[in-house]
$ cat model_10.cif   # mmCIF, C-alpha atoms
data_entry
loop_
_atom_site.group_PDB
_atom_site.id
_atom_site.type_symbol
_atom_site.label_atom_id
_atom_site.label_comp_id
_atom_site.auth_asym_id
_atom_site.auth_seq_id
_atom_site.Cartn_x
_atom_site.Cartn_y
_atom_site.Cartn_z
ATOM 1 C CA MET A 1 53.348 35.556 157.582
ATOM 2 C CA GLY A 2 56.388 33.324 157.977
ATOM 3 C CA GLY A 3 58.695 36.117 156.887
ATOM 4 C CA MET A 4 57.123 38.514 159.334
ATOM 5 C CA ALA A 5 57.570 36.062 162.203
ATOM 6 C CA SER A 6 61.240 35.551 161.363
ATOM 7 C CA ALA A 7 61.820 39.271 161.292
ATOM 8 C CA ALA A 8 60.133 39.655 164.654
ATOM 9 C CA GLU A 9 62.325 36.936 166.153
ATOM 10 C CA ALA A 10 65.582 38.352 164.800
ATOM 11 C CA PRO A 11 67.928 39.475 167.574
ATOM 12 C CA LYS A 12 68.075 43.172 168.224
ATOM 13 C CA ALA A 13 71.162 44.994 167.001
ATOM 14 C CA ARG A 14 73.343 46.046 169.893
ATOM 15 C CA LYS A 15 73.779 49.744 170.501
ATOM 16 C CA GLU A 16 77.090 51.561 170.604
ATOM 17 C CA MET A 17 78.401 52.117 174.104
ATOM 18 C CA LEU A 18 79.165 55.763 173.408
ATOM 19 C CA THR A 19 76.273 58.085 172.730
ATOM 20 C CA PRO A 20 76.947 61.379 170.912
ATOM 21 C CA MET A 21 76.713 63.178 174.270
ATOM 22 C CA LEU A 22 79.275 60.853 175.871
ATOM 23 C CA ARG A 23 81.593 61.214 172.890
ATOM 24 C CA ALA A 24 81.457 64.984 173.159
ATOM 25 C CA SER A 25 82.058 64.909 176.918
ATOM 26 C CA LEU A 26 85.005 62.509 176.766
ATOM 27 C CA SER A 27 86.579 64.246 173.772
ATOM 28 C CA LYS A 28 86.409 67.526 175.676
ATOM 29 C CA GLN A 29 88.307 65.823 178.525
ATOM 30 C CA GLY A 30 91.131 64.886 176.154
ATOM 31 C CA TYR A 31 90.259 61.270 175.367
ATOM 32 C CA LYS A 32 90.957 59.974 171.868
ATOM 33 C CA LEU A 33 88.034 57.651 171.276
ATOM 34 C CA ILE A 34 88.442 54.432 169.329
ATOM 35 C CA GLY A 35 85.549 52.674 167.654
ATOM 36 C CA SER A 36 82.466 52.304 169.797
ATOM 37 C CA HIS A 37 83.857 51.523 173.270
ATOM 38 C CA SER A 38 87.612 52.151 173.614
ATOM 39 C CA GLY A 39 89.876 55.088 174.270
ATOM 40 C CA VAL A 40 93.416 56.324 174.746
ATOM 41 C CA LYS A 41 94.784 59.404 176.486
ATOM 42 C CA MET A 42 98.311 60.640 177.032
ATOM 43 C CA CYS A 43 99.429 60.384 180.641
ATOM 44 C CA ARG A 44 100.996 63.462 182.199
ATOM 45 C CA TRP A 45 104.035 61.363 183.137
ATOM 46 C CA THR A 46 104.559 60.494 179.481
ATOM 47 C CA LYS A 47 104.637 64.215 178.752
ATOM 48 C CA SER A 48 106.953 64.793 181.705
ATOM 49 C CA MET A 49 109.491 62.198 180.642
ATOM 50 C CA LEU A 50 109.452 63.391 177.035
ATOM 51 C CA ARG A 51 110.635 66.703 178.465
ATOM 52 C CA GLY A 52 113.458 64.997 180.357
ATOM 53 C CA ARG A 53 111.736 65.241 183.715
ATOM 54 C CA GLY A 54 110.585 62.512 186.083
ATOM 55 C CA GLY A 55 108.636 59.404 185.162
ATOM 56 C CA CYS A 56 105.669 57.737 186.815
ATOM 57 C CA TYR A 57 105.740 55.319 189.732
ATOM 58 C CA LYS A 58 106.063 52.366 187.327
ATOM 59 C CA HIS A 59 109.328 53.926 186.178
ATOM 60 C CA SER A 60 110.503 54.315 189.783
ATOM 61 C CA PHE A 61 109.310 50.880 190.940
ATOM 62 C CA TYR A 62 109.711 48.667 187.878
ATOM 63 C CA GLY A 63 111.952 50.560 185.462
ATOM 64 C CA ILE A 64 109.503 51.082 182.594
ATOM 65 C CA GLU A 65 110.106 54.009 180.244
ATOM 66 C CA SER A 66 107.252 56.413 180.912
ATOM 67 C CA HIS A 67 107.806 58.255 177.625
ATOM 68 C CA ARG A 68 107.106 54.970 175.805
ATOM 69 C CA CYS A 69 103.938 54.065 177.736
ATOM 70 C CA MET A 70 100.461 54.168 176.211
ATOM 71 C CA GLU A 71 97.483 54.460 178.558
ATOM 72 C CA ALA A 72 94.340 52.924 177.101
ATOM 73 C CA THR A 73 91.166 50.969 177.777
ATOM 74 C CA PRO A 74 89.072 48.588 175.657
ATOM 75 C CA SER A 75 86.022 49.326 177.819
ATOM 76 C CA LEU A 76 84.963 52.783 178.873
ATOM 77 C CA ALA A 77 82.197 51.140 180.906
ATOM 78 C CA CYS A 78 82.496 49.959 184.504
ATOM 79 C CA ALA A 79 80.461 48.163 187.176
ATOM 80 C CA ASN A 80 81.370 50.661 189.909
ATOM 81 C CA LYS A 81 80.775 54.363 190.492
ATOM 82 C CA CYS A 82 83.742 55.073 192.766
ATOM 83 C CA VAL A 83 83.642 58.284 194.780
ATOM 84 C CA PHE A 84 87.142 59.235 193.635
ATOM 85 C CA CYS A 85 86.702 58.465 189.936
ATOM 86 C CA TRP A 86 88.087 61.355 187.881
ATOM 87 C CA ARG A 87 85.461 60.764 185.176
ATOM 88 C CA HIS A 88 82.734 62.220 187.419
ATOM 89 C CA HIS A 89 80.618 59.408 185.958
ATOM 90 C CA SER A 90 80.453 60.649 182.409
ATOM 91 C CA ASN A 91 81.092 57.051 181.307
ATOM 92 C CA PRO A 92 78.523 54.246 181.019
ATOM 93 C CA VAL A 93 78.068 51.605 183.693
ATOM 94 C CA GLY A 94 76.807 48.047 183.466
ATOM 95 C CA LYS A 95 76.979 44.566 184.921
ATOM 96 C CA GLU A 96 77.522 42.810 181.607
ATOM 97 C CA TRP A 97 78.613 43.561 178.053
ATOM 98 C CA LYS A 98 75.526 44.715 176.156
ATOM 99 C CA TRP A 99 76.989 46.862 173.397
ATOM 100 C CA GLU A 100 78.497 46.509 169.946
ATOM 101 C CA MET A 101 81.967 44.977 170.043
ATOM 102 C CA ASP A 102 84.990 46.076 168.026
ATOM 103 C CA GLU A 103 87.791 43.766 166.902
ATOM 104 C CA PRO A 104 90.844 43.667 169.224
ATOM 105 C CA ASP A 105 93.406 44.118 166.441
ATOM 106 C CA VAL A 106 91.552 47.206 165.227
ATOM 107 C CA ILE A 107 91.429 48.636 168.757
ATOM 108 C CA VAL A 108 95.172 48.135 169.283
ATOM 109 C CA LYS A 109 96.083 49.498 165.852
ATOM 110 C CA GLN A 110 94.020 52.646 166.292
ATOM 111 C CA ALA A 111 95.131 53.098 169.902
ATOM 112 C CA VAL A 112 98.800 53.017 168.899
ATOM 113 C CA GLU A 113 98.143 55.348 165.974
ATOM 114 C CA SER A 114 96.303 57.831 168.205
ATOM 115 C CA HIS A 115 99.005 57.657 170.874
ATOM 116 C CA VAL A 116 101.817 58.189 168.367
ATOM 117 C CA LYS A 117 99.917 61.133 166.892
ATOM 118 C CA MET A 118 99.763 62.718 170.361
ATOM 119 C CA VAL A 119 103.503 62.158 170.802
ATOM 120 C CA ARG A 120 104.203 63.765 167.408
ATOM 121 C CA GLU A 121 102.518 66.926 168.652
ATOM 122 C CA PHE A 122 105.502 67.355 170.975
ATOM 123 C CA ARG A 123 107.926 67.755 168.072
ATOM 124 C CA GLY A 124 109.760 71.024 168.550
ATOM 125 C CA VAL A 125 108.181 71.781 171.921
ATOM 126 C CA PRO A 126 110.748 73.543 174.152
ATOM 127 C CA GLY A 127 112.395 71.128 176.570
ATOM 128 C CA VAL A 128 111.478 67.922 174.754
ATOM 129 C CA LYS A 129 114.501 65.617 174.491
ATOM 130 C CA PRO A 130 115.099 64.526 170.863
ATOM 131 C CA GLU A 131 116.138 61.005 171.835
ATOM 132 C CA ARG A 132 113.103 60.513 174.039
ATOM 133 C CA PHE A 133 110.823 61.938 171.378
ATOM 134 C CA LYS A 134 112.181 59.407 168.888
ATOM 135 C CA GLU A 135 111.748 56.552 171.368
ATOM 136 C CA GLY A 136 108.260 57.745 172.284
ATOM 137 C CA LEU A 137 107.105 57.168 168.717
ATOM 138 C CA LYS A 138 107.494 53.438 169.380
ATOM 139 C CA PRO A 139 105.423 52.654 172.501
ATOM 140 C CA ALA A 140 106.761 49.708 174.492
ATOM 141 C CA HIS A 141 104.237 49.502 177.327
ATOM 142 C CA CYS A 142 100.462 49.631 177.633
ATOM 143 C CA ALA A 143 98.678 50.508 180.857
ATOM 144 C CA LEU A 144 95.158 49.117 180.567
ATOM 145 C CA SER A 145 94.014 51.361 183.364
ATOM 146 C CA LEU A 146 92.768 54.563 181.791
ATOM 147 C CA VAL A 147 89.099 54.402 182.778
ATOM 148 C CA GLY A 148 86.413 51.759 182.928
ATOM 149 C CA GLU A 149 86.875 48.027 183.504
ATOM 150 C CA PRO A 150 89.187 46.430 180.897
ATOM 151 C CA ILE A 151 88.150 42.837 181.549
ATOM 152 C CA MET A 152 84.518 43.668 180.744
ATOM 153 C CA TYR A 153 85.596 43.583 177.092
ATOM 154 C CA PRO A 154 84.788 39.986 176.061
ATOM 155 C CA ARG A 155 87.905 39.659 173.878
ATOM 156 C CA ILE A 156 90.373 41.052 176.374
ATOM 157 C CA ASN A 157 92.698 38.053 175.953
ATOM 158 C CA ASP A 158 92.922 38.603 172.206
ATOM 159 C CA LEU A 159 93.624 42.282 172.785
ATOM 160 C CA VAL A 160 96.415 41.497 175.258
ATOM 161 C CA SER A 161 97.889 38.986 172.793
ATOM 162 C CA GLU A 162 97.835 41.654 170.096
ATOM 163 C CA LEU A 163 99.745 44.048 172.357
ATOM 164 C CA HIS A 164 102.284 41.347 173.218
ATOM 165 C CA SER A 165 102.753 40.538 169.520
ATOM 166 C CA ARG A 166 103.898 44.143 169.091
ATOM 167 C CA GLY A 167 106.505 43.681 171.817
ATOM 168 C CA MET A 168 104.568 45.750 174.341
ATOM 169 C CA SER A 169 104.344 44.939 178.038
ATOM 170 C CA THR A 170 100.886 45.029 179.624
ATOM 171 C CA PHE A 171 99.775 46.426 182.991
ATOM 172 C CA LEU A 172 96.100 45.627 183.575
ATOM 173 C CA VAL A 173 93.983 47.038 186.416
ATOM 174 C CA THR A 174 90.679 45.478 187.475
ATOM 175 C CA ASN A 175 88.100 46.430 190.099
ATOM 176 C CA ALA A 176 87.585 42.762 191.011
ATOM 177 C CA GLN A 177 83.909 42.494 190.106
ATOM 178 C CA PHE A 178 84.140 39.943 187.287
ATOM 179 C CA PRO A 179 85.577 36.685 188.690
ATOM 180 C CA ASP A 180 84.694 34.578 185.637
ATOM 181 C CA ALA A 181 86.495 36.963 183.295
ATOM 182 C CA MET A 182 89.422 37.172 185.679
ATOM 183 C CA ARG A 183 89.677 33.394 185.910
ATOM 184 C CA ALA A 184 89.799 33.218 182.110
ATOM 185 C CA MET A 185 92.548 35.852 181.818
ATOM 186 C CA LYS A 186 95.756 34.799 180.114
ATOM 187 C CA PRO A 187 99.045 36.172 181.494
ATOM 188 C CA VAL A 188 99.756 39.882 181.386
ATOM 189 C CA THR A 189 103.013 41.526 182.413
ATOM 190 C CA GLN A 190 101.494 42.699 185.679
ATOM 191 C CA MET A 191 97.974 42.219 187.038
ATOM 192 C CA TYR A 192 96.588 44.853 189.403
ATOM 193 C CA VAL A 193 93.534 44.626 191.620
ATOM 194 C CA SER A 194 92.108 47.839 193.057
ATOM 195 C CA ILE A 195 91.650 47.370 196.801
ATOM 196 C CA ASP A 196 89.586 50.444 197.585
ATOM 197 C CA ALA A 197 88.505 49.331 201.063
ATOM 198 C CA ALA A 198 88.886 46.350 203.370
ATOM 199 C CA THR A 199 85.353 45.699 204.641
ATOM 200 C CA LYS A 200 82.052 45.116 202.918
ATOM 201 C CA GLU A 201 80.559 48.297 204.340
ATOM 202 C CA SER A 202 83.410 50.593 203.384
ATOM 203 C CA LEU A 203 83.829 49.040 199.932
ATOM 204 C CA LYS A 204 80.150 49.693 199.249
ATOM 205 C CA ALA A 205 80.555 53.303 200.363
ATOM 206 C CA VAL A 206 83.735 53.957 198.356
ATOM 207 C CA ASP A 207 83.120 51.990 195.153
ATOM 208 C CA ARG A 208 79.321 52.242 194.982
ATOM 209 C CA PRO A 209 79.114 48.950 193.054
ATOM 210 C CA LEU A 210 76.229 47.887 190.848
ATOM 211 C CA PHE A 211 76.360 44.224 191.844
ATOM 212 C CA ALA A 212 74.370 43.202 194.927
ATOM 213 C CA ASP A 213 76.954 40.467 195.604
ATOM 214 C CA PHE A 214 79.883 42.833 195.094
ATOM 215 C CA TRP A 215 81.725 41.663 198.232
ATOM 216 C CA GLU A 216 81.569 37.990 197.296
ATOM 217 C CA ARG A 217 82.775 38.836 193.789
ATOM 218 C CA PHE A 218 85.593 40.914 195.236
ATOM 219 C CA LEU A 219 86.818 38.127 197.531
ATOM 220 C CA GLU A 220 86.567 35.535 194.769
ATOM 221 C CA CYS A 221 88.736 37.679 192.505
ATOM 222 C CA LEU A 222 91.390 37.927 195.216
ATOM 223 C CA THR A 223 91.395 34.147 195.586
ATOM 224 C CA ILE A 224 91.824 33.817 191.824
ATOM 225 C CA LEU A 225 94.688 36.319 191.914
ATOM 226 C CA ARG A 226 96.629 34.068 194.271
ATOM 227 C CA GLU A 227 96.500 31.300 191.662
ATOM 228 C CA PHE A 228 97.686 33.446 188.761
ATOM 229 C CA GLY A 229 101.343 32.434 188.757
ATOM 230 C CA GLN A 230 102.419 35.851 187.478
ATOM 231 C CA ARG A 231 103.318 39.238 188.936
ATOM 232 C CA THR A 232 100.396 40.610 190.899
ATOM 233 C CA VAL A 233 99.715 43.858 192.711
ATOM 234 C CA TYR A 234 97.224 45.235 195.218
ATOM 235 C CA ARG A 235 96.567 48.892 194.434
ATOM 236 C CA LEU A 236 95.273 50.871 197.418
ATOM 237 C CA THR A 237 93.845 54.369 197.078
ATOM 238 C CA LEU A 238 93.646 55.989 200.503
ATOM 239 C CA VAL A 239 90.780 58.371 201.236
ATOM 240 C CA SER A 240 90.904 60.139 204.606
ATOM 241 C CA GLY A 241 87.752 59.506 206.576
ATOM 242 C CA TRP A 242 86.717 56.608 204.350
ATOM 243 C CA ASN A 243 89.150 53.684 204.259
ATOM 244 C CA MET A 244 92.281 54.331 206.333
ATOM 245 C CA ASN A 245 91.250 52.780 209.659
ATOM 246 C CA GLU A 246 91.113 49.153 208.561
ATOM 247 C CA VAL A 247 94.744 48.009 208.660
ATOM 248 C CA ASP A 248 94.005 44.606 210.205
ATOM 249 C CA LYS A 249 91.275 43.976 207.646
ATOM 250 C CA TYR A 250 93.637 44.897 204.816
ATOM 251 C CA ALA A 251 96.082 42.350 206.250
ATOM 252 C CA GLU A 252 93.370 39.688 205.971
ATOM 253 C CA LEU A 253 92.942 40.554 202.303
ATOM 254 C CA LEU A 254 96.701 40.230 201.822
ATOM 255 C CA ASN A 255 96.492 36.676 203.104
ATOM 256 C CA LEU A 256 93.711 35.959 200.631
ATOM 257 C CA GLY A 257 95.353 37.187 197.434
ATOM 258 C CA GLU A 258 99.062 37.056 198.360
ATOM 259 C CA PRO A 259 100.101 39.779 195.893
ATOM 260 C CA ASP A 260 103.747 40.219 194.972
ATOM 261 C CA PHE A 261 103.555 43.959 195.553
ATOM 262 C CA ILE A 262 101.332 46.488 197.312
ATOM 263 C CA GLU A 263 101.073 49.983 195.878
ATOM 264 C CA ILE A 264 99.649 52.648 198.168
ATOM 265 C CA LYS A 265 98.690 56.152 197.095
ATOM 266 C CA GLY A 266 96.577 58.971 198.395
ATOM 267 C CA VAL A 267 93.436 59.910 196.531
ATOM 268 C CA THR A 268 93.703 62.732 193.998
ATOM 269 C CA TYR A 269 91.044 65.402 194.342
ATOM 270 C CA CYS A 270 89.583 66.086 190.895
ATOM 271 C CA GLY A 271 87.327 68.987 191.750
ATOM 272 C CA SER A 272 83.772 69.216 192.984
ATOM 273 C CA SER A 273 81.065 67.154 191.360
ATOM 274 C CA GLY A 274 77.462 66.292 192.025
ATOM 275 C CA ALA A 275 78.529 62.643 191.701
ATOM 276 C CA SER A 276 80.924 62.768 194.660
ATOM 277 C CA SER A 277 81.129 64.384 198.080
ATOM 278 C CA LEU A 278 84.934 64.315 198.308
ATOM 279 C CA THR A 279 86.848 67.471 199.216
ATOM 280 C CA MET A 280 90.517 68.306 199.757
ATOM 281 C CA LYS A 281 90.045 67.180 203.368
ATOM 282 C CA ASN A 282 89.828 63.620 202.083
ATOM 283 C CA VAL A 283 93.302 63.783 200.526
ATOM 284 C CA PRO A 284 95.828 62.290 202.987
ATOM 285 C CA TYR A 285 99.214 63.899 203.587
ATOM 286 C CA HIS A 286 102.294 62.072 202.361
ATOM 287 C CA ASP A 287 103.409 61.248 205.894
ATOM 288 C CA GLU A 288 99.988 59.704 206.549
ATOM 289 C CA VAL A 289 100.351 57.494 203.475
ATOM 290 C CA CYS A 290 103.831 56.452 204.617
ATOM 291 C CA ALA A 291 102.565 55.686 208.124
ATOM 292 C CA PHE A 292 99.769 53.595 206.645
ATOM 293 C CA GLY A 293 102.321 51.693 204.571
ATOM 294 C CA GLU A 294 104.410 50.984 207.653
ATOM 295 C CA ALA A 295 101.308 49.761 209.485
ATOM 296 C CA ILE A 296 100.396 47.436 206.615
ATOM 297 C CA CYS A 297 103.906 46.003 206.575
ATOM 298 C CA GLY A 298 103.711 45.406 210.313
ATOM 299 C CA ALA A 299 100.300 43.772 210.047
ATOM 300 C CA SER A 300 101.619 41.472 207.313
ATOM 301 C CA GLY A 301 104.004 39.871 209.786
ATOM 302 C CA GLY A 302 107.068 41.077 207.927
ATOM 303 C CA ARG A 303 106.109 39.573 204.571
ATOM 304 C CA TYR A 304 106.127 43.044 203.010
ATOM 305 C CA ALA A 305 108.468 45.999 203.523
ATOM 306 C CA LEU A 306 108.705 49.558 202.262
#

$ encode --input "model_10.cif" --output "structure tokens"
Amino acid sequence: MGGMASAAEAPKARKEMLTPMLRASLSKQGYKLIGSHSGVKMCRWTKSMLRGRGGCYKHSFYGIESHRCMEATPSLACANKCVFCWRHHSNPVGKEWKWEMDEPDVIVKQAVESHVKMVREFRGVPGVKPERFKEGLKPAHCALSLVGEPIMYPRINDLVSELHSRGMSTFLVTNAQFPDAMRAMKPVTQMYVSIDAATKESLKAVDRPLFADFWERFLECLTILREFGQRTVYRLTLVSGWNMNEVDKYAELLNLGEPDFIEIKGVTYCGSSGASSLTMKNVPYHDEVCAFGEAICGASGGRYAL
């Protein structure tokens, strides 16, 4: 009887985050899956720069070598279901980590191996620059922004340390829904917070968060960002008809987090989906994005400039 009671009280084994159906769906979309909850995918700007063409905005703004950048995530899960998410919600969602957990060194090792394998596939492709191909086999940067919420992974600090030990810079993007995890974050090269709207109502409409106290979590994360003592960025994705009429409210958020940089982009339409009502009409024109940037700079009292 005692043995039976002990067995009954034993903790349940955690499930893998990725079901066979999710694995098939993500693999079809070009993701190279790692272990039970991570992934890597080659960015189109990495491909572009390998061919001697232009790099991504991080190349233009900060000088990173796009052909040496690996885009990855240690958590394919997220606490939001954003209307503009290119995954069309084929990934899991959750408010806490409830799955099996892989070791950070294993994740990094397999991510680099998968990325390098994708680069090798460009050997001999017309237009690929030999010197860039050679450099691309040794990734120097990691954008932890592929999909999901990176800081959901409980050992995110160990994973970042592993990347740094390989001489790689780290660019981490968070949706600002996990203040405790954010407060515990050790330095990364650049910390991004997605600012998808400037009011509680519009943030709920755009991000469709799981947390009931999403707004309070969001504001707390911005306050934490101000105390980071490292390079920080607000990342705004503009969606016409959804979040472009709140300039003064965005300015208030600037005062809260005091980011070093603000990056503004228009939403990318990823095709129709039952999970989103966006259409091409929601994609702002470039001049509209520029005008919004000018308005933000003006509302900041001159603290920021284009």

$ closest_residue --input "model_10.cif" --among "A:Tyr62, A:Phe171, A:Trp215, A:Trp99" --to "Gln190 in chain A" --atoms "all atoms listed in the file"
A:Phe171

$ resolve_selection --input "model_10.cif" --expression "the PyMOL selection byres ((chain A and resi 74) around 10)" --output "VMD selection string"
chain A and resid 34 to 40 72 to 73 75 to 77 101 to 102 104 107 to 108 111 144 to 156 159

$ resolve_selection --input "model_10.cif" --expression "the PyMOL selection byres ((chain A and resi 297) around 12)" --output "PyMOL selection string"
chain A and resi 247-248+250-251+254+261-264+290-296+298-306

$ closest_residue --input "model_10.cif" --among "A:Glu258, A:Glu96, A:Glu65, A:Glu162" --to "Ser48 in chain A" --atoms "all atoms listed in the file"
A:Glu65

$ residues_around --input "model_10.cif" --residues "range 227-232 of chain A" --least-positions-apart "6" --cutoff "10 Å" --atoms "all atoms listed in the file" --output "ChimeraX atom specification"
/A:171-172,182-183,185-193,257-262

$ residues_near_point --input "model_10.cif" --point "(103.9, 54.7, 172.4)" --cutoff "9 Å" --atoms "all atoms listed in the file" --output "PyMOL selection string"
chain A and resi 67-71+112-113+115-116+119+135-142

$ closest_residue --input "model_10.cif" --among "A:Val160, A:Val173, A:Leu50, A:Met17" --to "Val125 in chain A" --atoms "only C-alpha atoms"
A:Leu50

$ residues_around --input "model_10.cif" --residues "Val93 in chain A" --least-positions-apart "6" --cutoff "8 Å" --atoms "only C-alpha atoms" --output "VMD selection string"
chain A and resid 77 to 81

$ residues_near_point --input "model_10.cif" --point "(95.1, 63.9, 177.0)" --cutoff "7 Å" --atoms "only C-alpha atoms" --output "short mmCIF file (atom, residue, chain, number, x, y, z; two decimals) with C-alpha atoms, in the coordinates of the input"
data_model
loop_
_atom_site.label_atom_id
_atom_site.label_comp_id
_atom_site.auth_asym_id
_atom_site.auth_seq_id
_atom_site.Cartn_x
_atom_site.Cartn_y
_atom_site.Cartn_z
CA GLY A 30 91.13 64.89 176.15
CA TYR A 31 90.26 61.27 175.37
CA LYS A 41 94.78 59.40 176.49
CA MET A 42 98.31 60.64 177.03
CA CYS A 43 99.43 60.38 180.64
#

$ atom_distance --input "model_10.cif" --atom1 "CA of Lys265 in chain A" --atom2 "CA of Val239 in chain A"
9.2 Å

$ residues_around --input "model_10.cif" --residues "Glu220 in chain A" --least-positions-apart "4" --cutoff "10 Å" --atoms "only C-alpha atoms" --output "PyMOL selection string"
chain A and resi 176-180+182-183+214-216+224-225+256-257

$ closest_residue --input "model_10.cif" --among "A:Thr199, A:Asn175, A:Ser240, A:Asn245" --to "Val283 in chain A" --atoms "all atoms listed in the file"
A:Ser240

$ residues_around --input "model_10.cif" --residues "Tyr269 in chain A" --least-positions-apart "2" --cutoff "8 Å" --atoms "all atoms listed in the file" --output "PyMOL selection string"
chain A and resi 84+267+271+278-280+283

$ atom_distance --input "model_10.cif" --atom1 "CA of His59 in chain A" --atom2 "CA of Ala197 in chain A"
26.0 Å

$ atom_distance --input "model_10.cif" --atom1 "CA of Lys249 in chain A" --atom2 "CA of Ala198 in chain A"
5.4 Å
